[in-house]
>>> print(open('my_file_25.pdb').read())   # PDB, C-alpha atoms, pLDDT in the B column
ATOM      1  CA  ASP A   1       0.000   0.000   0.000  1.00 59.00           C
ATOM      2  CA  GLY A   2       1.287   3.445  -0.887  1.00 66.00           C
ATOM      3  CA  GLY A   3       1.143   6.057   1.789  1.00 92.00           C
ATOM      4  CA  ILE A   4       2.814   8.230   4.329  1.00 95.00           C
ATOM      5  CA  THR A   5       3.579   6.982   7.801  1.00 95.00           C
ATOM      6  CA  GLN A   6       4.562   8.681  11.005  1.00 96.00           C
ATOM      7  CA  SER A   7       5.813   7.023  14.117  1.00 90.00           C
ATOM      8  CA  PRO A   8       5.216   6.807  16.932  1.00 91.00           C
ATOM      9  CA  LYS A   9       1.612   7.957  17.316  1.00 92.00           C
ATOM     10  CA  TYR A  10       2.251   9.189  20.871  1.00 94.00           C
ATOM     11  CA  LEU A  11       5.560  10.391  22.238  1.00 94.00           C
ATOM     12  CA  PHE A  12       6.453  11.566  25.706  1.00 94.00           C
ATOM     13  CA  ARG A  13       9.645  13.388  26.615  1.00 92.00           C
ATOM     14  CA  LYS A  14      11.125  15.295  29.481  1.00 92.00           C
ATOM     15  CA  GLU A  15      11.851  18.962  29.071  1.00 91.00           C
ATOM     16  CA  GLY A  16      15.373  19.642  27.850  1.00 90.00           C
ATOM     17  CA  GLN A  17      15.622  16.521  25.684  1.00 92.00           C
ATOM     18  CA  ASN A  18      15.763  16.545  21.913  1.00 94.00           C
ATOM     19  CA  VAL A  19      13.324  14.220  20.185  1.00 95.00           C
ATOM     20  CA  THR A  20      13.090  13.072  16.571  1.00 96.00           C
ATOM     21  CA  LEU A  21       9.786  12.368  14.839  1.00 96.00           C
ATOM     22  CA  SER A  22       9.793   9.990  11.921  1.00 97.00           C
ATOM     23  CA  CYS A  23       8.065  10.542   8.573  1.00 97.00           C
ATOM     24  CA  GLU A  24       8.317   8.086   5.680  1.00 97.00           C
ATOM     25  CA  GLN A  25       6.538   8.004   2.335  1.00 97.00           C
ATOM     26  CA  ASN A  26       6.545   5.457  -0.475  1.00 96.00           C
ATOM     27  CA  LEU A  27       4.596   7.600  -2.921  1.00 94.00           C
ATOM     28  CA  ASN A  28       7.710   8.730  -4.792  1.00 94.00           C
ATOM     29  CA  HIS A  29       6.841  12.325  -3.945  1.00 94.00           C
ATOM     30  CA  ASP A  30       9.492  14.996  -4.271  1.00 94.00           C
ATOM     31  CA  ALA A  31       8.085  17.434  -1.726  1.00 93.00           C
ATOM     32  CA  MET A  32       7.607  16.836   1.985  1.00 95.00           C
ATOM     33  CA  TYR A  33       6.325  19.067   4.769  1.00 95.00           C
ATOM     34  CA  TRP A  34       6.091  19.288   8.533  1.00 97.00           C
ATOM     35  CA  TYR A  35       3.219  21.072  10.250  1.00 95.00           C
ATOM     36  CA  ARG A  36       2.358  21.712  13.832  1.00 95.00           C
ATOM     37  CA  GLN A  37      -1.267  21.740  14.993  1.00 92.00           C
ATOM     38  CA  ASP A  38      -2.388  23.333  18.245  1.00 90.00           C
ATOM     39  CA  PRO A  39      -5.982  23.381  19.545  1.00 80.00           C
ATOM     40  CA  GLY A  40      -8.070  26.107  17.931  1.00 73.00           C
ATOM     41  CA  GLN A  41      -5.336  26.942  15.466  1.00 77.00           C
ATOM     42  CA  GLY A  42      -4.731  25.915  11.921  1.00 81.00           C
ATOM     43  CA  LEU A  43      -1.733  23.994  10.753  1.00 88.00           C
ATOM     44  CA  ARG A  44       1.461  25.997  10.832  1.00 91.00           C
ATOM     45  CA  LEU A  45       4.306  25.130   8.529  1.00 92.00           C
ATOM     46  CA  ILE A  46       7.572  24.271  10.262  1.00 96.00           C
ATOM     47  CA  TYR A  47       9.823  23.129   7.411  1.00 96.00           C
ATOM     48  CA  TYR A  48       9.420  21.869   3.893  1.00 95.00           C
ATOM     49  CA  SER A  49      11.619  20.145   1.387  1.00 95.00           C
ATOM     50  CA  GLN A  50      11.199  20.276  -2.373  1.00 92.00           C
ATOM     51  CA  ILE A  51      13.882  17.747  -3.182  1.00 93.00           C
ATOM     52  CA  VAL A  52      16.494  15.531  -1.547  1.00 95.00           C
ATOM     53  CA  ASN A  53      19.224  17.403   0.328  1.00 95.00           C
ATOM     54  CA  ASP A  54      17.258  20.637   0.247  1.00 95.00           C
ATOM     55  CA  PHE A  55      14.841  22.155   2.743  1.00 96.00           C
ATOM     56  CA  GLN A  56      13.463  25.562   3.671  1.00 95.00           C
ATOM     57  CA  LYS A  57      12.127  27.093   6.854  1.00 96.00           C
ATOM     58  CA  GLY A  58       8.423  27.608   7.197  1.00 93.00           C
ATOM     59  CA  ASP A  59       6.663  30.071   9.464  1.00 90.00           C
ATOM     60  CA  ILE A  60       7.730  28.564  12.795  1.00 94.00           C
ATOM     61  CA  ALA A  61      11.087  26.869  12.239  1.00 96.00           C
ATOM     62  CA  GLU A  62      12.761  28.102  15.425  1.00 96.00           C
ATOM     63  CA  GLY A  63      13.624  25.248  17.770  1.00 96.00           C
ATOM     64  CA  TYR A  64      13.243  22.606  15.046  1.00 97.00           C
ATOM     65  CA  SER A  65      15.610  20.951  12.614  1.00 97.00           C
ATOM     66  CA  VAL A  66      15.130  18.574   9.685  1.00 98.00           C
ATOM     67  CA  SER A  67      17.134  16.528   7.230  1.00 97.00           C
ATOM     68  CA  ARG A  68      16.322  15.096   3.805  1.00 98.00           C
ATOM     69  CA  GLU A  69      18.998  12.571   3.000  1.00 97.00           C
ATOM     70  CA  LYS A  70      16.580  10.232   1.212  1.00 97.00           C
ATOM     71  CA  LYS A  71      13.549  10.960  -0.918  1.00 96.00           C
ATOM     72  CA  GLU A  72      11.377   8.739   1.268  1.00 97.00           C
ATOM     73  CA  SER A  73      12.291  10.198   4.631  1.00 98.00           C
ATOM     74  CA  PHE A  74      11.967  13.616   6.264  1.00 98.00           C
ATOM     75  CA  PRO A  75      12.603  13.367  10.026  1.00 98.00           C
ATOM     76  CA  LEU A  76      11.890  16.309  12.299  1.00 98.00           C
ATOM     77  CA  THR A  77      13.922  16.978  15.442  1.00 97.00           C
ATOM     78  CA  VAL A  78      12.281  18.998  18.162  1.00 96.00           C
ATOM     79  CA  THR A  79      15.145  20.532  20.087  1.00 94.00           C
ATOM     80  CA  SER A  80      15.274  21.754  23.651  1.00 91.00           C
ATOM     81  CA  ALA A  81      15.256  25.290  22.241  1.00 90.00           C
ATOM     82  CA  GLN A  82      11.602  24.924  21.212  1.00 92.00           C
ATOM     83  CA  LYS A  83       9.722  26.736  23.978  1.00 90.00           C
ATOM     84  CA  ASN A  84       6.332  25.029  23.602  1.00 92.00           C
ATOM     85  CA  PRO A  85       6.963  21.647  21.993  1.00 94.00           C
ATOM     86  CA  THR A  86       3.781  19.884  23.138  1.00 95.00           C
ATOM     87  CA  ALA A  87       1.581  19.649  20.036  1.00 95.00           C
ATOM     88  CA  PHE A  88       0.251  17.395  17.309  1.00 94.00           C
ATOM     89  CA  TYR A  89       2.775  17.117  14.470  1.00 96.00           C
ATOM     90  CA  LEU A  90       1.680  16.298  10.956  1.00 95.00           C
ATOM     91  CA  CYS A  91       3.874  15.292   8.063  1.00 96.00           C
ATOM     92  CA  ALA A  92       2.705  15.582   4.462  1.00 94.00           C
ATOM     93  CA  SER A  93       4.029  14.979   0.992  1.00 94.00           C
ATOM     94  CA  SER A  94       3.109  16.020  -2.521  1.00 91.00           C
ATOM     95  CA  ILE A  95       4.270  15.117  -6.010  1.00 88.00           C
ATOM     96  CA  LYS A  96       6.034  18.453  -6.136  1.00 78.00           C
ATOM     97  CA  GLN A  97       5.733  21.736  -4.347  1.00 69.00           C
ATOM     98  CA  ASP A  98       2.579  23.617  -5.450  1.00 66.00           C
ATOM     99  CA  SER A  99       1.019  20.293  -6.399  1.00 68.00           C
ATOM    100  CA  TYR A 100      -2.713  20.391  -5.943  1.00 64.00           C
ATOM    101  CA  GLU A 101      -2.793  17.706  -3.285  1.00 81.00           C
ATOM    102  CA  GLN A 102      -0.843  17.020  -0.138  1.00 87.00           C
ATOM    103  CA  TYR A 103      -1.095  13.596   1.428  1.00 91.00           C
ATOM    104  CA  PHE A 104      -0.967  13.629   5.204  1.00 93.00           C
ATOM    105  CA  GLY A 105       0.344  11.108   7.661  1.00 94.00           C
ATOM    106  CA  PRO A 106      -1.675  10.133  10.742  1.00 92.00           C
ATOM    107  CA  GLY A 107       0.291  12.499  12.994  1.00 94.00           C
ATOM    108  CA  THR A 108       2.393  12.218  16.138  1.00 95.00           C
ATOM    109  CA  ARG A 109       1.196  13.693  19.396  1.00 94.00           C
ATOM    110  CA  LEU A 110       4.213  14.899  21.353  1.00 96.00           C
ATOM    111  CA  THR A 111       3.900  15.669  25.043  1.00 95.00           C
ATOM    112  CA  VAL A 112       6.812  17.281  26.838  1.00 93.00           C
ATOM    113  CA  THR A 113       6.688  17.556  30.613  1.00 91.00           C
TER     114      THR A 113
ATOM    115  CA  GLY B   1       1.553  38.282   6.333  1.00 58.00           C
ATOM    116  CA  GLU B   2      -1.010  36.417   4.311  1.00 65.00           C
ATOM    117  CA  ASP B   3      -3.785  34.722   6.223  1.00 86.00           C
ATOM    118  CA  VAL B   4      -6.629  32.230   5.963  1.00 90.00           C
ATOM    119  CA  GLU B   5      -9.589  32.613   8.311  1.00 92.00           C
ATOM    120  CA  GLN B   6     -12.621  30.539   9.080  1.00 93.00           C
ATOM    121  CA  SER B   7     -15.143  30.326  11.882  1.00 89.00           C
ATOM    122  CA  LEU B   8     -14.391  27.709  14.507  1.00 90.00           C
ATOM    123  CA  PHE B   9     -17.720  25.954  15.026  1.00 95.00           C
ATOM    124  CA  LEU B  10     -20.801  24.923  13.067  1.00 97.00           C
ATOM    125  CA  SER B  11     -23.672  22.766  14.262  1.00 97.00           C
ATOM    126  CA  VAL B  12     -26.390  21.373  11.989  1.00 97.00           C
ATOM    127  CA  ARG B  13     -29.157  18.755  12.073  1.00 97.00           C
ATOM    128  CA  GLU B  14     -28.754  15.523  10.157  1.00 97.00           C
ATOM    129  CA  GLY B  15     -30.174  15.932   6.671  1.00 97.00           C
ATOM    130  CA  ASP B  16     -29.676  19.684   6.558  1.00 97.00           C
ATOM    131  CA  SER B  17     -27.075  21.411   4.411  1.00 97.00           C
ATOM    132  CA  SER B  18     -23.869  22.684   5.997  1.00 97.00           C
ATOM    133  CA  VAL B  19     -22.021  25.712   4.715  1.00 98.00           C
ATOM    134  CA  ILE B  20     -18.500  26.339   5.921  1.00 98.00           C
ATOM    135  CA  ASN B  21     -16.947  29.670   4.989  1.00 97.00           C
ATOM    136  CA  CYS B  22     -13.365  30.780   4.574  1.00 96.00           C
ATOM    137  CA  THR B  23     -11.621  34.008   3.649  1.00 95.00           C
ATOM    138  CA  TYR B  24      -8.065  34.324   2.442  1.00 92.00           C
ATOM    139  CA  THR B  25      -5.776  37.195   1.622  1.00 89.00           C
ATOM    140  CA  ASP B  26      -3.227  35.804  -0.847  1.00 83.00           C
ATOM    141  CA  SER B  27      -4.577  36.552  -4.300  1.00 81.00           C
ATOM    142  CA  SER B  28      -1.738  34.643  -6.007  1.00 84.00           C
ATOM    143  CA  SER B  29      -2.882  31.207  -4.832  1.00 82.00           C
ATOM    144  CA  THR B  30      -3.393  28.801  -7.698  1.00 84.00           C
ATOM    145  CA  TYR B  31      -5.416  26.235  -5.783  1.00 88.00           C
ATOM    146  CA  LEU B  32      -7.685  26.432  -2.784  1.00 92.00           C
ATOM    147  CA  TYR B  33      -8.494  23.312  -0.827  1.00 93.00           C
ATOM    148  CA  TRP B  34     -10.844  21.809   1.656  1.00 95.00           C
ATOM    149  CA  TYR B  35      -9.458  19.146   3.975  1.00 94.00           C
ATOM    150  CA  LYS B  36     -11.284  17.012   6.533  1.00 96.00           C
ATOM    151  CA  GLN B  37      -9.756  15.854   9.807  1.00 93.00           C
ATOM    152  CA  GLU B  38     -11.333  13.200  11.982  1.00 92.00           C
ATOM    153  CA  PRO B  39     -10.330  12.966  15.672  1.00 86.00           C
ATOM    154  CA  GLY B  40      -6.704  12.049  16.238  1.00 82.00           C
ATOM    155  CA  ALA B  41      -5.996  11.607  12.535  1.00 86.00           C
ATOM    156  CA  GLY B  42      -4.232  13.365   9.722  1.00 87.00           C
ATOM    157  CA  LEU B  43      -5.939  15.504   7.130  1.00 90.00           C
ATOM    158  CA  GLN B  44      -7.699  14.103   4.111  1.00 92.00           C
ATOM    159  CA  LEU B  45      -8.205  16.161   0.976  1.00 91.00           C
ATOM    160  CA  LEU B  46     -11.924  16.529   0.275  1.00 94.00           C
ATOM    161  CA  THR B  47     -11.844  18.733  -2.755  1.00 93.00           C
ATOM    162  CA  TYR B  48      -9.974  21.583  -4.357  1.00 91.00           C
ATOM    163  CA  ILE B  49     -10.728  24.364  -6.806  1.00 93.00           C
ATOM    164  CA  PHE B  50      -8.521  26.173  -9.270  1.00 91.00           C
ATOM    165  CA  SER B  51      -8.393  29.900  -8.716  1.00 89.00           C
ATOM    166  CA  ASN B  52      -9.826  30.526 -12.193  1.00 90.00           C
ATOM    167  CA  MET B  53     -13.031  28.619 -11.382  1.00 92.00           C
ATOM    168  CA  ASP B  54     -15.983  29.920  -9.416  1.00 94.00           C
ATOM    169  CA  MET B  55     -17.747  26.675  -8.641  1.00 96.00           C
ATOM    170  CA  LYS B  56     -17.002  22.986  -8.384  1.00 95.00           C
ATOM    171  CA  GLN B  57     -19.450  20.234  -7.537  1.00 96.00           C
ATOM    172  CA  ASP B  58     -18.514  16.746  -6.418  1.00 92.00           C
ATOM    173  CA  GLN B  59     -21.426  14.580  -5.255  1.00 95.00           C
ATOM    174  CA  ARG B  60     -22.642  16.129  -1.977  1.00 97.00           C
ATOM    175  CA  LEU B  61     -19.923  18.775  -1.959  1.00 97.00           C
ATOM    176  CA  THR B  62     -20.144  22.156  -3.648  1.00 97.00           C
ATOM    177  CA  VAL B  63     -17.276  24.612  -3.523  1.00 97.00           C
ATOM    178  CA  LEU B  64     -17.894  28.257  -4.342  1.00 97.00           C
ATOM    179  CA  LEU B  65     -15.075  30.703  -4.925  1.00 96.00           C
ATOM    180  CA  ASN B  66     -15.518  34.458  -5.032  1.00 95.00           C
ATOM    181  CA  LYS B  67     -12.093  35.600  -6.098  1.00 92.00           C
ATOM    182  CA  LYS B  68     -12.963  39.293  -5.917  1.00 92.00           C
ATOM    183  CA  ASP B  69     -13.912  38.995  -2.250  1.00 93.00           C
ATOM    184  CA  LYS B  70     -11.359  36.229  -1.581  1.00 93.00           C
ATOM    185  CA  HIS B  71     -14.115  34.085  -0.137  1.00 95.00           C
ATOM    186  CA  LEU B  72     -14.334  30.318  -0.356  1.00 96.00           C
ATOM    187  CA  SER B  73     -17.179  28.158   0.865  1.00 97.00           C
ATOM    188  CA  LEU B  74     -17.901  24.457   1.170  1.00 98.00           C
ATOM    189  CA  ARG B  75     -21.482  23.270   1.094  1.00 98.00           C
ATOM    190  CA  ILE B  76     -22.259  19.732   2.211  1.00 98.00           C
ATOM    191  CA  ALA B  77     -25.713  18.610   1.130  1.00 98.00           C
ATOM    192  CA  ASP B  78     -27.747  16.140   3.215  1.00 98.00           C
ATOM    193  CA  THR B  79     -25.231  16.273   6.064  1.00 98.00           C
ATOM    194  CA  GLN B  80     -24.757  12.991   7.903  1.00 97.00           C
ATOM    195  CA  THR B  81     -23.394  12.214  11.375  1.00 95.00           C
ATOM    196  CA  GLY B  82     -20.308  10.784   9.659  1.00 94.00           C
ATOM    197  CA  ASP B  83     -19.563  14.253   8.340  1.00 96.00           C
ATOM    198  CA  SER B  84     -18.789  15.428  11.882  1.00 96.00           C
ATOM    199  CA  ALA B  85     -15.138  16.472  11.766  1.00 96.00           C
ATOM    200  CA  ILE B  86     -12.911  19.519  11.519  1.00 95.00           C
ATOM    201  CA  TYR B  87     -12.771  21.103   8.067  1.00 97.00           C
ATOM    202  CA  PHE B  88      -9.787  23.161   6.998  1.00 95.00           C
ATOM    203  CA  CYS B  89      -9.503  25.485   4.076  1.00 94.00           C
ATOM    204  CA  ALA B  90      -6.032  26.047   2.681  1.00 91.00           C
ATOM    205  CA  GLU B  91      -4.236  27.802  -0.118  1.00 88.00           C
ATOM    206  CA  ASN B  92      -1.242  26.474  -1.966  1.00 83.00           C
ATOM    207  CA  ASN B  93       0.931  29.552  -2.446  1.00 79.00           C
ATOM    208  CA  ASP B  94       2.371  29.640   1.072  1.00 76.00           C
ATOM    209  CA  MET B  95       0.706  26.425   2.257  1.00 80.00           C
ATOM    210  CA  ARG B  96      -1.424  28.304   4.742  1.00 86.00           C
ATOM    211  CA  PHE B  97      -4.317  26.653   6.519  1.00 90.00           C
ATOM    212  CA  GLY B  98      -7.253  28.142   8.338  1.00 91.00           C
ATOM    213  CA  ALA B  99      -7.833  27.285  11.996  1.00 91.00           C
ATOM    214  CA  GLY B 100     -10.438  24.699  11.076  1.00 93.00           C
ATOM    215  CA  THR B 101     -14.217  24.629  11.506  1.00 96.00           C
ATOM    216  CA  ARG B 102     -15.531  21.937  13.802  1.00 95.00           C
ATOM    217  CA  LEU B 103     -18.742  20.615  12.253  1.00 97.00           C
ATOM    218  CA  THR B 104     -21.118  18.852  14.635  1.00 97.00           C
ATOM    219  CA  VAL B 105     -24.042  16.987  13.117  1.00 97.00           C
ATOM    220  CA  LYS B 106     -26.901  16.281  15.492  1.00 95.00           C
ATOM    221  CA  PRO B 107     -29.265  13.357  14.854  1.00 91.00           C
TER     222      PRO B 107
END
>>> encode(input="my_file_25.pdb", output="structure tokens")
Amino acid sequence: DGGITQSPKYLFRKEGQNVTLSCEQNLNHDAMYWYRQDPGQGLRLIYYSQIVNDFQKGDIAEGYSVSREKKESFPLTVTSAQKNPTAFYLCASSIKQDSYEQYFGPGTRLTVT
Amino acid sequence: GEDVEQSLFLSVREGDSSVINCTYTDSSSTYLYWYKQEPGAGLQLLTYIFSNMDMKQDQRLTVLLNKKDKHLSLRIADTQTGDSAIYFCAENNDMRFGAGTRLTVKP
């Protein structure tokens, strides 16, 4: 089955620790995205990547880092510099940037205490 | 910066029509989208409209676009309890999403 997966579904961390969220797609999509969702707010773009070995900051990149070493994978690291890391994180991919459809993963809920 | 806005809540009776509204500011968007999110899940694309169209119909869904007023709406005909979810409008130029409208369908 083609799709986009995120793991784990729930993640708990202590404050001050870095944590990496996984995102994998087997859709052969060039573009991948990370969003953060908070209650009562829309999705906010953290980082996106149009192609392997390239990525750009979105609206709220501070405290996050990404890598795109393989087309299929776009992991997001939430660093200890992120002031409010507890949120629902969504990964998406599209055939290319500005493609009419983004496919979303099921999300990872990160709780930092 | 550019923005996408929508009301946060809508409640309808089963069988009625639902209309979810959205306004956006970025006039250079090529596509405008409606996504559906069920509890604890990712987003699923419901429908999209090209910016040079003013209407698109897909079964129970009708999308209306008023480009002059930068207003987008989603009408769901014969709303069912399974339509209860959060609906997001989005534009593709800066990948901006609205805050989402929580649709509650009462039996």
>>> axis_aligned_box(input="my_file_25.pdb", around="region 5-16 of chain B", padding_each_side="4 Å", output="AutoDock Vina command-line options")
--center_x -19.9 --center_y 24.1 --center_z 10.8 --size_x 28.6 --size_y 25.1 --size_z 16.5
>>> interface_residues(input="my_file_25.pdb", of="chain A", to="chain B", cutoff="8 Å", atoms="all atoms listed in the file", output="PyMOL selection string")
chain A and resi 40-45+90+98-107
>>> resolve_selection(input="my_file_25.pdb", expression="the PyMOL selection byres ((chain A and resi 8-22) around 10)", output="PyMOL selection string")
(chain A and resi 5-7+23-24+63-66+73-86+88-91+106-113) or (chain B and resi 40-41)
>>> resolve_selection(input="my_file_25.pdb", expression="the PyMOL selection byres ((chain B and resi 82-85) around 8)", output="list in words")
Lys36, Gln37, Glu38, Pro39, Thr79, Gln80, Thr81, Ile86, Tyr87, Arg102, Leu103, Thr104 and Val105 of chain B
>>> residues_around(input="my_file_25.pdb", residues="Lys96 (chain A)", least_positions_apart="4", cutoff="12 Å", atoms="all atoms listed in the file", output="VMD selection string")
(chain A and resid 27 to 33 48 to 52 71 92 100 to 103) or (chain B and resid 92)
>>> atom_distance(input="my_file_25.pdb", atom1="CA of Thr25 (chain B)", atom2="CA of Met53 (chain B)")
17.2 Å
>>> closest_residue(input="my_file_25.pdb", among="A:Pro39, A:Lys70, A:Gly3, A:Trp34", to="Ala87 (chain A)", atoms="all atoms listed in the file")
A:Pro39
>>> atom_distance(input="my_file_25.pdb", atom1="CA of Ser27 (chain B)", atom2="CA of Lys57 (chain A)")
22.2 Å
>>> atom_distance(input="my_file_25.pdb", atom1="CA of Arg13 (chain B)", atom2="CA of Leu64 (chain B)")
22.1 Å
>>> residues_around(input="my_file_25.pdb", residues="His71 (chain B)", least_positions_apart="5", cutoff="6 Å", atoms="all atoms listed in the file", output="MDAnalysis selection string")
chainID B and resid 22:23 65:66
>>> closest_residue(input="my_file_25.pdb", among="B:Lys106, B:Asp26, B:Glu14, B:Gln57", to="Asp69 (chain B)", atoms="all atoms listed in the file")
B:Asp26
>>> resolve_selection(input="my_file_25.pdb", expression="the PyMOL selection byres ((chain B and resi 75) around 10)", output="number ranges by chain")
B: 17-21, 57, 60-64, 73-74, 76-79
